[in-house]
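Scroll down for the structure; my scribbles are underneath it.
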Amino acid sequence: MSTELSSPAVGKEEPITVSALNEYIKGLLEEEPALRHVYLRGEISNFTNHRSGHLYFSLKDEGGLIRAVMFRGSAAHLAFVPENGMKVLVRGSVSLFVRDGSYQIYVSAMEPDGVGALYLAFERLKKKLAAEGLFEESRKRPLPKIPSRIGVITSPTGAAVRDIMNILGRRFPYAEVVLAPALVQGAEAPASLIEGLRRLGSLGNIDVIIIGRDGGSMEDLWAFNDEALAREIAASRVPVISAVGHETDFTIADFVADRRAPTPSAAAELAVPDTAELMRKFLNITKHTDLLLARRLERARRTLSDLAARRALSDPAALFTERRMLLTYLSDKAASSMESRLLTLRSGFREEAGRLEAMSPLAILKRGYSVALGADGVAKRSVTQLTREEILTLRLDDGEATARVVDTRQFKKGDA
């Protein structure tokens, strides 16, 4: 950068402006090769994520502080969200802000340092497993209400195992506890924890598993952010409670487990019911059952008393007497009905018989008529059916007579 001031502080009596001085110093800083590419380590403080997309913050260490700005174009490429207290590594150039007269570093790239790097790795794995659905509530199983065997995976010498055993023994001493000792810190801890899960799962009679440890730094708890361990927890056939650190500590194991407990003690409380509470519920159920049974027995007694008071039981002979009287009444009624029906039928029969009698040829004979029958027994209805000297049988009302045809004479129409 060019400037009109070669050295404003040397051999010059004419005053200069503050802006000119700041511009001069800015030029000196920007022309210095060592300040054009600065690689800096520090802790973020006074962080501001401006609505423009620019990031304003300070970087500090034990002995100093420098202001920093990261413009929107560079901030858009960050793979994490900066926060106060985060240790970071930044790359940029040093210059001076003329208006304030303060120098600052213009950050072009930034990445977490130390714990910050762990945090970035944690967020990346969390995002990856969440995208695969390993954190979905729909795939998580409910814990058994009354477990008989509880698996515990933790350090056999830590505070966590003592807390868990004390709570389990106090709340529900009837459950058997199976401890799978494991490393909970260090490079070999994830494999040790995975082995504990597999051992307990292979037993086939474990109802619920508690996995965890007592508190510590993020580095101390890092074994529970292992991807292989997370997948083993997700694949476990036994429900898993994650109890890592304190209430404010979160690990990948917490997200993938069927339940997350804020502390190992809380995990033990989740795993088993309270015996005293169970006894209270049992007594309440017993009292309620006794009350229901008493009410049911009372209803049964009333029903039995009502039945016993009925005449069919108190005087069964009366019941037969009533039935016998009813049977007699129905028999008499049936006989009367049958007699009336027979009378009606007889009357009708007589009427029909009278009509038939009136139409009978025999009745005609009684009135003085006779019927001439041929040798074949067929009645002669016309003189044209007769022959001279033919022998006929005359059928009369009270007998028969034999006659011979001497002569015939046929009437004409109109003759009487």
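Each chain in the structure tokens gets a letter, A, B, ..., in the order shown, and its residues are numbered from 1; ligands are numbered from 1 in order too.
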
Give one line per residue of range 110-209 of chain A that approaches range 225-238 of chain A to at most 8 Å, naming the two atoms of the closest pair and their distance in Å to one decimal, counting only C-alpha atoms; sort by chain then ascending residue number and deliver it as a Markdown table.
| residue | atom | partner | partner_atom | distance |
| --- | --- | --- | --- | --- |
| A:Phe122 | CA | A:Asn225 | CA | 6.8 |
| A:Leu125 | CA | A:Glu227 | CA | 7.2 |
| A:Leu134 | CA | A:Ala234 | CA | 6.7 |
| A:Pro190 | CA | A:Leu229 | CA | 6.1 |
| A:Ala191 | CA | A:Leu229 | CA | 7.6 |
| A:Leu193 | CA | A:Leu229 | CA | 7.2 |
| A:Ile194 | CA | A:Leu229 | CA | 5.8 |
| A:Leu197 | CA | A:Glu232 | CA | 7.6 |
| A:Gly201 | CA | A:Val238 | CA | 6.7 |
| A:Ile206 | CA | A:Val238 | CA | 7.0 |
| A:Asp207 | CA | A:Val238 | CA | 6.3 |
| A:Val208 | CA | A:Val238 | CA | 5.7 |
| A:Ile209 | CA | A:Val238 | CA | 6.8 |

Produce a file of the selected residues containing C-alpha atoms, as a tab-separated table (two decimals), in the first residue's frame.
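What landed in again_24.tsv:
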chain	number	residue	atom	x	y	z
A	122	PHE	CA	-18.82	-35.51	17.94
A	125	LEU	CA	-20.87	-38.53	14.02
A	134	LEU	CA	-30.37	-44.65	14.94
A	190	PRO	CA	-14.60	-48.80	23.12
A	191	ALA	CA	-13.58	-52.38	22.31
A	193	LEU	CA	-17.36	-51.83	26.24
A	194	ILE	CA	-18.43	-53.60	23.03
A	197	LEU	CA	-22.36	-55.77	25.53
A	201	GLY	CA	-26.30	-60.33	25.19
A	206	ILE	CA	-30.57	-60.41	30.83
A	207	ASP	CA	-33.64	-58.14	30.95
A	208	VAL	CA	-31.93	-54.73	30.79
A	209	ILE	CA	-28.37	-53.39	30.51

*Near range 143-150 of chain A, within 8 Å and counting only C-alpha atoms, which residues show up once chain neighbours fewer than 2 positions away are dropped, as a list in words?*
Arg141, Val152, Tyr174, Ala175, Glu176, Val177, Val178, Asn205, Ile206, Asp207, Val208, Ile209, Ile210, Pro239, Asp258, Ala271, Val272 and Pro273 of chain A

*Quick one: residues within 12 Å of Ile153 in chain A, only C-alpha atoms counted, chain neighbours fewer than 4 positions away excluded, as a PyMOL selection string?*
chain A and resi 157-158+160-161+164-165+177-184+189-190+192-201+208-213+224+233+240-244+264+267

Those residues with C-alpha atoms, as a short mmCIF file (atom, residue, chain, number, x, y, z; two decimals), in the first residue's frame please?
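Result file is out23.cif:
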data_model
loop_
_atom_site.label_atom_id
_atom_site.label_comp_id
_atom_site.auth_asym_id
_atom_site.auth_seq_id
_atom_site.Cartn_x
_atom_site.Cartn_y
_atom_site.Cartn_z
CA THR A 157 -13.42 -49.82 40.57
CA GLY A 158 -15.18 -46.54 39.72
CA ALA A 160 -20.44 -45.47 39.04
CA VAL A 161 -20.56 -49.19 39.91
CA ILE A 164 -25.54 -48.40 40.72
CA MET A 165 -25.20 -51.35 43.12
CA VAL A 177 -27.00 -58.02 38.98
CA VAL A 178 -24.48 -59.33 36.43
CA LEU A 179 -21.39 -57.11 36.16
CA ALA A 180 -19.38 -57.03 32.93
CA PRO A 181 -16.16 -55.19 33.90
CA ALA A 182 -14.90 -52.88 31.16
CA LEU A 183 -12.50 -50.06 30.48
CA VAL A 184 -14.31 -46.73 30.36
CA ALA A 189 -12.18 -48.60 26.11
CA PRO A 190 -14.60 -48.80 23.12
CA SER A 192 -13.87 -53.32 26.00
CA LEU A 193 -17.36 -51.83 26.24
CA ILE A 194 -18.43 -53.60 23.03
CA GLU A 195 -17.16 -56.89 24.41
CA GLY A 196 -19.21 -56.34 27.58
CA LEU A 197 -22.36 -55.77 25.53
CA ARG A 198 -21.77 -58.94 23.54
CA ARG A 199 -21.09 -61.05 26.63
CA LEU A 200 -24.26 -59.94 28.36
CA GLY A 201 -26.30 -60.33 25.19
CA VAL A 208 -31.93 -54.73 30.79
CA ILE A 209 -28.37 -53.39 30.51
CA ILE A 210 -26.85 -50.29 32.12
CA ILE A 211 -23.71 -48.95 30.42
CA GLY A 212 -21.81 -45.92 31.64
CA ARG A 213 -19.32 -44.33 33.98
CA PHE A 224 -18.78 -43.41 24.63
CA ILE A 233 -25.87 -50.51 21.38
CA VAL A 240 -29.88 -50.47 27.03
CA ILE A 241 -29.76 -47.54 29.46
CA SER A 242 -26.87 -45.13 28.87
CA ALA A 243 -25.57 -43.40 32.01
CA VAL A 244 -22.44 -41.47 31.15
CA PRO A 264 -25.44 -43.81 36.89
CA ALA A 267 -29.97 -45.27 35.52
#

*From a DSSP pass on the backbone, collect the residues of range 204-318 of chain A flagged as alpha helix (DSSP H) and hand them back as a PyMOL selection string.*
chain A and resi 227-235+252-256+264-271+275-308+311-314+316-318

Store the residues picked out above in a file with C-alpha atoms, as a CSV table (one decimal), in the first residue's frame.
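The resulting file, result_22.csv, is shown below:
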chain,number,residue,atom,x,y,z
A,227,GLU,CA,-19.2,-45.2,16.3
A,228,ALA,CA,-18.7,-48.9,16.6
A,229,LEU,CA,-20.0,-48.8,20.2
A,230,ALA,CA,-23.0,-46.8,19.1
A,231,ARG,CA,-23.9,-49.3,16.5
A,232,GLU,CA,-23.5,-52.2,19.0
A,233,ILE,CA,-25.9,-50.5,21.4
A,234,ALA,CA,-28.4,-50.0,18.6
A,235,ALA,CA,-28.1,-53.7,17.6
A,252,ILE,CA,-23.4,-40.6,21.3
A,253,ALA,CA,-24.3,-43.6,23.5
A,254,ASP,CA,-26.9,-41.5,25.2
A,255,PHE,CA,-28.6,-40.7,21.9
A,256,VAL,CA,-28.6,-44.3,20.5
A,264,PRO,CA,-25.4,-43.8,36.9
A,265,SER,CA,-27.6,-43.5,40.0
A,266,ALA,CA,-30.5,-42.3,37.9
A,267,ALA,CA,-30.0,-45.3,35.5
A,268,ALA,CA,-30.4,-47.7,38.4
A,269,GLU,CA,-33.6,-46.0,39.4
A,270,LEU,CA,-34.9,-46.3,35.8
A,271,ALA,CA,-33.9,-50.0,35.6
A,275,THR,CA,-40.0,-52.1,46.3
A,276,ALA,CA,-41.7,-49.8,48.7
A,277,GLU,CA,-43.8,-48.3,45.9
A,278,LEU,CA,-44.6,-51.8,44.6
A,279,MET,CA,-45.8,-52.8,48.1
A,280,ARG,CA,-48.0,-49.8,48.3
A,281,LYS,CA,-49.5,-50.6,44.9
A,282,PHE,CA,-49.9,-54.2,45.8
A,283,LEU,CA,-51.7,-53.3,49.0
A,284,ASN,CA,-54.0,-50.9,47.1
A,285,ILE,CA,-54.8,-53.6,44.6
A,286,THR,CA,-55.4,-56.0,47.4
A,287,LYS,CA,-57.8,-53.6,49.1
A,288,HIS,CA,-59.5,-52.9,45.9
A,289,THR,CA,-59.8,-56.6,45.1
A,290,ASP,CA,-61.2,-57.3,48.6
A,291,LEU,CA,-63.8,-54.5,48.1
A,292,LEU,CA,-64.8,-55.9,44.7
A,293,LEU,CA,-65.1,-59.4,46.1
A,294,ALA,CA,-67.1,-58.2,49.1
A,295,ARG,CA,-69.5,-56.4,46.8
A,296,ARG,CA,-69.8,-59.4,44.5
A,297,LEU,CA,-70.4,-61.7,47.4
A,298,GLU,CA,-73.1,-59.4,48.8
A,299,ARG,CA,-74.8,-59.3,45.4
A,300,ALA,CA,-74.6,-63.1,45.3
A,301,ARG,CA,-76.1,-63.4,48.8
A,302,ARG,CA,-79.0,-61.2,47.8
A,303,THR,CA,-79.6,-63.2,44.6
A,304,LEU,CA,-79.5,-66.4,46.6
A,305,SER,CA,-81.8,-65.0,49.2
A,306,ASP,CA,-84.3,-63.9,46.5
A,307,LEU,CA,-84.1,-67.3,44.9
A,308,ALA,CA,-84.6,-69.1,48.2
A,311,ARG,CA,-92.4,-70.4,46.0
A,312,ALA,CA,-90.7,-72.9,43.7
A,313,LEU,CA,-88.1,-73.6,46.4
A,314,SER,CA,-90.1,-72.8,49.6
A,316,PRO,CA,-92.4,-77.0,45.5
A,317,ALA,CA,-95.7,-79.0,46.0
A,318,ALA,CA,-97.6,-75.9,45.3

*Atom-to-atom span, CA of Lys140 in chain A and CA of Arg260 in chain A, Å*: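 Computed distance, CA of Lys140 in chain A to CA of Arg260 in chain A, equals 11.2 Å.
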
*as a VMD selection string, please: all residues of range 10-60 of chain A that backbone DSSP puts in strand (DSSP E or B).*
chain A and resid 38 to 49 55 to 60

*Would you mind reading off the distance between CA of Val90 in chain A and CA of Leu28 in chain A, one decimal, in Å?*
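Between CA of Val90 in chain A and CA of Leu28 in chain A the gap works out to 22.0 Å.
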
*Which of A:Glu111, A:Glu188, A:Gln410, A:Leu326 sits closest to Arg381 in chain A [using only C-alpha atoms]*: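 Ranking A:Glu111, A:Glu188, A:Gln410, A:Leu326 by distance to Arg381 in chain A, first place goes to A:Gln410.
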